[in-house]
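A short write-up of the structure that comes next.
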Protein chains: 2
Amino acid sequence: MSTPDGATIDPHDVLGYLLKHAAARFAAVADSALERHRIDSKELGVLRMLAGREGTSQLALADALGIDRTTMVAVLDGLERKGVVDRHPDPSDRRRNVAELTQQGQRTYEAAEADYLAAENAFLSALSSGDRAALRRGLRTLVVDPAGAAPAR
Amino acid sequence: MSTPDGATIDPHDVLGYLLKHAAARFAAVADSALERHRIDSKELGVLRMLAGREGTSQLALADALGIDRTTMVAVLDGLERKGVVDRHPDPSDRRRNVAELTQQGQRTYEAAEADYLAAENAFLSALSSGDRAALRRGLRTLVVDPAGAAPAR
DNA sequence: TATTGTTATACTCTATAACTATA
DNA sequence: TATAGTTATAGAGTATAACAATA
């Protein structure tokens with residue numbers, strides 16, 4: 001027997017394995033759906049933050065997306081090189097660099113977001129609509145209110 | 001307006017963000033629960049594969065856990081150093097190295113698995129039992145049968 | 001002094017390529 | 001020739017430390 005009560009645990013049915021592999025698989029699906037827009041999931045996350053906003057400092061972007069500000073520098077470098085994001089100092093606090101979508105960036109965001117949402121739907125298509133809702137609700141709770149959890153960063 | 005239909009998408013409510021952060025948060029919780037056994041989640045995965053089995057080749061272990069065989073070498077090196085795993089060549093095919101739990105490894109596995117399962121329960125405690133079941137069922141479906149998905153590796 | 005962006009550096013994780021031994 | 005394990009190496013991704021500009 002392998003556990004104290006004699007039960008054997010299926011290594012593919014533990015929460016950690018399921019979450020990790022579901023996340024990895026969806027990341028692959030999403031990145032492949034975004035390929036034709038020449039951006040990846042992380043870059044879409046930045047465009048999404050910028051869409052419908054006046055302009056956001058690099059630090060605010062980094063904090064909101066849960067990544068380091070030094071990482072954000074490289075992400076924005078890439079997006080600026082692609083012509084979808086524009087950076088300029090905040091006149092009211094010149095330490096801040098404000099990022100915003102260019103016109104092309106707005107178009108890229110809209111098209112990429114549509115493909116991303118389609119990829120979400122396709123990925124979830126094997127689930128009943130009830131399970132789909134419960135999955136999203138459950139994940140939202142786990143991420144927002146992680147019982148007994150240290151924050152992920 | 002930020003999307004074609006004018007809706008704004010909450011960056012914290014997209015599937016990719018939710019899956020990635022739920023996985024990261026649980027990994028932190030699980031690793032912290034396993035600390036006192038001096039193993040991490042990946043190592044527990046190996047012990048779990050070995051528990052209740054006759055002996056498993058390194059390649060079979062690697063394939064089953066979805067990691068590379070070169071990575072498995074290092075993982076088993078660590079587990080052997082800790083005295084929880086034993087390696088010896090398979091007499092019927094001396095290319096194969098068979099891994100199995102030591103007596104201490106069996107004890108470590110049982111204790112660590114109990115703490116891991118407790119961490120799972122604590123992590124999910126904010127969810128209703130219906131949502132908990134739906135979450136697990138949904139994840140299982142997504143990982144086993146990823147609609148329109150390229151395998152994660 | 002503290003904050004923001006930046007750069008250089010280091011670290012973790014994992015995969016690829018090449019080698020040895022066995023089949 | 002092909003397979004299993006090993007080693008050395010490289011790459012992606014990310015974080016830490018230090019610095020310049022600004023507050």
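Quick note on naming: the chains in the structure tokens go A, B, ... in the order shown, residues restart at 1 in each chain, and ligands are numbered from 1 in order of appearance.
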Using only C-alpha atoms (C1' of nucleotides), I'd like every residue of chain D that has an atom within 9 Å of chain A; please write them out as a ChimeraX atom specification.
/D:14-15,21-23
For chain C, report every residue with an atom at most 9 Å from chain B (counting only C-alpha atoms (C1' of nucleotides)), formatted as a ChimeraX atom specification.
/C:14-15,21-23
Okay, now the selection with N, CA, C and O atoms (P, O5', C5', C4', C3', O3' and C1' of nucleotides), as a tab-separated table (two decimals), in the first residue's frame?
```
chain	number	residue	atom	x	y	z
C	14	DT	P	10.93	22.69	-14.51
C	14	DT	O5'	11.38	22.45	-16.01
C	14	DT	C5'	11.02	23.40	-17.01
C	14	DT	C4'	11.91	23.25	-18.21
C	14	DT	C3'	12.12	21.82	-18.66
C	14	DT	O3'	11.29	21.56	-19.77
C	14	DT	C1'	14.09	23.17	-18.85
C	15	DA	P	11.35	20.23	-20.63
C	15	DA	O5'	12.28	20.57	-21.88
C	15	DA	C5'	12.06	21.78	-22.60
C	15	DA	C4'	13.17	22.02	-23.61
C	15	DA	C3'	13.47	20.82	-24.52
C	15	DA	O3'	13.68	21.29	-25.85
C	15	DA	C1'	15.43	21.44	-23.35
C	21	DA	P	31.48	3.22	-21.88
C	21	DA	O5'	30.11	2.39	-21.82
C	21	DA	C5'	29.39	2.27	-20.60
C	21	DA	C4'	28.12	1.48	-20.89
C	21	DA	C3'	28.39	0.21	-21.68
C	21	DA	O3'	28.49	-0.97	-20.86
C	21	DA	C1'	26.51	1.45	-22.57
C	22	DT	P	27.24	-1.50	-20.02
C	22	DT	O5'	26.25	-2.23	-21.02
C	22	DT	C5'	24.92	-2.29	-20.58
C	22	DT	C4'	23.93	-2.22	-21.70
C	22	DT	C3'	23.65	-3.58	-22.35
C	22	DT	O3'	22.47	-4.09	-21.79
C	22	DT	C1'	23.55	-1.74	-23.89
C	23	DA	P	22.03	-5.58	-22.12
C	23	DA	O5'	21.24	-5.43	-23.49
C	23	DA	C5'	20.02	-4.69	-23.50
C	23	DA	C4'	19.49	-4.56	-24.91
C	23	DA	C3'	19.46	-5.88	-25.66
C	23	DA	O3'	18.15	-6.43	-25.57
C	23	DA	C1'	20.21	-4.04	-27.04
```
Rounded to one decimal in Å, what is the spacing between atom CA of B:Leu18 and atom CA of A:Ala23?
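If I compute the distance from atom CA of B:Leu18 to atom CA of A:Ala23, I get 8.6 Å.
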Quick check for you: according to DSSP on this backbone, which residues of stretch 8-143 of chain A are classed as alpha helix (DSSP H)? Reply as a ChimeraX atom specification.
/A:15-34,41-50,58-65,69-81,103-123,129-143
Mind checking DSSP for chain A and telling me the strand (DSSP E) residues as a VMD selection string?
chain A and resid 56 to 57 85 to 90 93 to 101
Using only C-alpha atoms (C1' of nucleotides), which residues sit within 12 Å of A:Asp77 once same-chain residues fewer than 3 positions away are excluded, as number ranges by chain?
A: 43, 58, 70-74, 80-87, 99; C: 6
Output file for the selection above: N, CA and C atoms (P, O5', C5', C4', C3', O3' and C1' of nucleotides), as a tab-separated table (two decimals), in the first residue's frame:
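Dumped everything to selection-v4.tsv:
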```tsv
chain	number	residue	atom	x	y	z
A	43	GLU	N	1.99	39.95	-23.99
A	43	GLU	CA	1.86	41.25	-24.66
A	43	GLU	C	0.39	41.65	-24.80
A	58	GLN	N	4.47	52.57	-16.30
A	58	GLN	CA	5.05	51.23	-16.42
A	58	GLN	C	4.93	50.44	-15.13
A	70	THR	N	11.17	45.52	-14.04
A	70	THR	CA	12.29	45.36	-14.97
A	70	THR	C	11.89	44.49	-16.16
A	71	THR	N	10.97	43.58	-15.92
A	71	THR	CA	10.46	42.76	-17.02
A	71	THR	C	9.57	43.60	-17.94
A	72	MET	N	8.81	44.50	-17.33
A	72	MET	CA	7.91	45.34	-18.11
A	72	MET	C	8.69	46.21	-19.10
A	73	VAL	N	9.87	46.65	-18.70
A	73	VAL	CA	10.70	47.45	-19.62
A	73	VAL	C	10.90	46.71	-20.93
A	74	ALA	N	11.29	45.44	-20.84
A	74	ALA	CA	11.56	44.66	-22.05
A	74	ALA	C	10.29	44.41	-22.85
A	80	GLU	N	6.75	48.65	-28.39
A	80	GLU	CA	7.03	49.93	-29.03
A	80	GLU	C	7.71	49.69	-30.38
A	81	ARG	N	8.62	48.72	-30.43
A	81	ARG	CA	9.30	48.38	-31.68
A	81	ARG	C	8.29	47.92	-32.74
A	82	LYS	N	7.23	47.25	-32.27
A	82	LYS	CA	6.21	46.78	-33.21
A	82	LYS	C	5.23	47.89	-33.59
A	83	GLY	N	5.36	49.04	-32.95
A	83	GLY	CA	4.51	50.17	-33.32
A	83	GLY	C	3.12	50.15	-32.72
A	84	VAL	N	2.89	49.32	-31.70
A	84	VAL	CA	1.54	49.24	-31.14
A	84	VAL	C	1.42	50.01	-29.83
A	85	VAL	N	2.54	50.41	-29.27
A	85	VAL	CA	2.53	51.15	-28.00
A	85	VAL	C	3.45	52.35	-28.11
A	86	ASP	N	3.11	53.39	-27.42
A	86	ASP	CA	3.83	54.65	-27.41
A	86	ASP	C	4.17	54.98	-25.96
A	87	ARG	N	5.40	55.49	-25.74
A	87	ARG	CA	5.78	55.88	-24.37
A	87	ARG	C	6.18	57.34	-24.33
A	99	ALA	N	2.50	54.78	-20.81
A	99	ALA	CA	2.35	53.99	-22.04
A	99	ALA	C	0.90	54.07	-22.51
C	6	DT	P	12.17	52.82	-19.48
C	6	DT	O5'	13.66	52.40	-19.09
C	6	DT	C5'	14.67	53.40	-19.07
C	6	DT	C4'	15.97	52.82	-18.54
C	6	DT	C3'	16.43	51.55	-19.26
C	6	DT	O3'	17.51	51.91	-20.11
C	6	DT	C1'	16.78	51.46	-16.87
```
Shell of 12 Å around stretch 24-34 of chain A, only C-alpha atoms (C1' of nucleotides), local chain residues under 4 positions omitted, as number ranges by chain:
A: 17-20, 38-45, 108-124; B: 14-21, 23-24, 66, 139, 141-153
Within 12 Å of stretch 18-20 of chain D using only C-alpha atoms (C1' of nucleotides), minus same-chain residues under 4 positions, as a list of chain:residue names:
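So the residues in contact are A:Arg95, C:DT4, C:DG5, C:DT6, C:DT7, C:DA8, C:DT9.
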Just to be explicit: take each residue in the selection above, keep N, CA and C atoms (P, O5', C5', C4', C3', O3' and C1' of nucleotides), and write the result as a PDB file, in the first residue's frame.
```pdb
ATOM      1  N   ARG A  95       9.146  61.394 -13.491  1.00  0.00           N
ATOM      2  CA  ARG A  95       9.763  60.083 -13.244  1.00  0.00           C
ATOM      3  C   ARG A  95       8.968  58.992 -13.934  1.00  0.00           C
TER       4      ARG A  95
ATOM      5  P    DT C   4       6.742  54.745  -7.863  1.00  0.00           P
ATOM      6  O5'  DT C   4       7.538  54.917  -9.225  1.00  0.00           O
ATOM      7  C5'  DT C   4       7.382  56.107  -9.995  1.00  0.00           C
ATOM      8  C4'  DT C   4       8.309  56.056 -11.191  1.00  0.00           C
ATOM      9  C3'  DT C   4       8.238  54.760 -12.007  1.00  0.00           C
ATOM     10  O3'  DT C   4       7.889  55.082 -13.342  1.00  0.00           O
ATOM     11  C1'  DT C   4      10.504  55.348 -11.505  1.00  0.00           C
ATOM     12  P    DG C   5       7.528  53.946 -14.399  1.00  0.00           P
ATOM     13  O5'  DG C   5       8.914  53.772 -15.173  1.00  0.00           O
ATOM     14  C5'  DG C   5       9.398  54.868 -15.941  1.00  0.00           C
ATOM     15  C4'  DG C   5      10.875  54.673 -16.259  1.00  0.00           C
ATOM     16  C3'  DG C   5      11.199  53.440 -17.109  1.00  0.00           C
ATOM     17  O3'  DG C   5      11.811  53.884 -18.317  1.00  0.00           O
ATOM     18  C1'  DG C   5      12.682  53.619 -15.271  1.00  0.00           C
ATOM     19  P    DT C   6      12.172  52.819 -19.477  1.00  0.00           P
ATOM     20  O5'  DT C   6      13.657  52.397 -19.089  1.00  0.00           O
ATOM     21  C5'  DT C   6      14.672  53.401 -19.068  1.00  0.00           C
ATOM     22  C4'  DT C   6      15.972  52.817 -18.545  1.00  0.00           C
ATOM     23  C3'  DT C   6      16.431  51.548 -19.260  1.00  0.00           C
ATOM     24  O3'  DT C   6      17.509  51.909 -20.110  1.00  0.00           O
ATOM     25  C1'  DT C   6      16.782  51.456 -16.874  1.00  0.00           C
ATOM     26  P    DT C   7      18.040  50.853 -21.173  1.00  0.00           P
ATOM     27  O5'  DT C   7      19.182  50.102 -20.337  1.00  0.00           O
ATOM     28  C5'  DT C   7      20.287  50.846 -19.839  1.00  0.00           C
ATOM     29  C4'  DT C   7      21.117  49.963 -18.924  1.00  0.00           C
ATOM     30  C3'  DT C   7      21.563  48.637 -19.550  1.00  0.00           C
ATOM     31  O3'  DT C   7      22.984  48.655 -19.655  1.00  0.00           O
ATOM     32  C1'  DT C   7      20.758  48.347 -17.318  1.00  0.00           C
ATOM     33  P    DA C   8      23.762  47.461 -20.375  1.00  0.00           P
ATOM     34  O5'  DA C   8      24.305  46.634 -19.137  1.00  0.00           O
ATOM     35  C5'  DA C   8      24.771  47.316 -17.969  1.00  0.00           C
ATOM     36  C4'  DA C   8      25.089  46.311 -16.876  1.00  0.00           C
ATOM     37  C3'  DA C   8      25.623  44.958 -17.380  1.00  0.00           C
ATOM     38  O3'  DA C   8      26.661  44.537 -16.508  1.00  0.00           O
ATOM     39  C1'  DA C   8      23.692  44.603 -16.104  1.00  0.00           C
ATOM     40  P    DT C   9      27.438  43.143 -16.775  1.00  0.00           P
ATOM     41  O5'  DT C   9      26.773  42.166 -15.719  1.00  0.00           O
ATOM     42  C5'  DT C   9      26.635  42.612 -14.383  1.00  0.00           C
ATOM     43  C4'  DT C   9      25.805  41.615 -13.595  1.00  0.00           C
ATOM     44  C3'  DT C   9      26.168  40.140 -13.846  1.00  0.00           C
ATOM     45  O3'  DT C   9      26.585  39.582 -12.616  1.00  0.00           O
ATOM     46  C1'  DT C   9      23.819  40.481 -13.904  1.00  0.00           C
TER      47       DT C   9
END
```
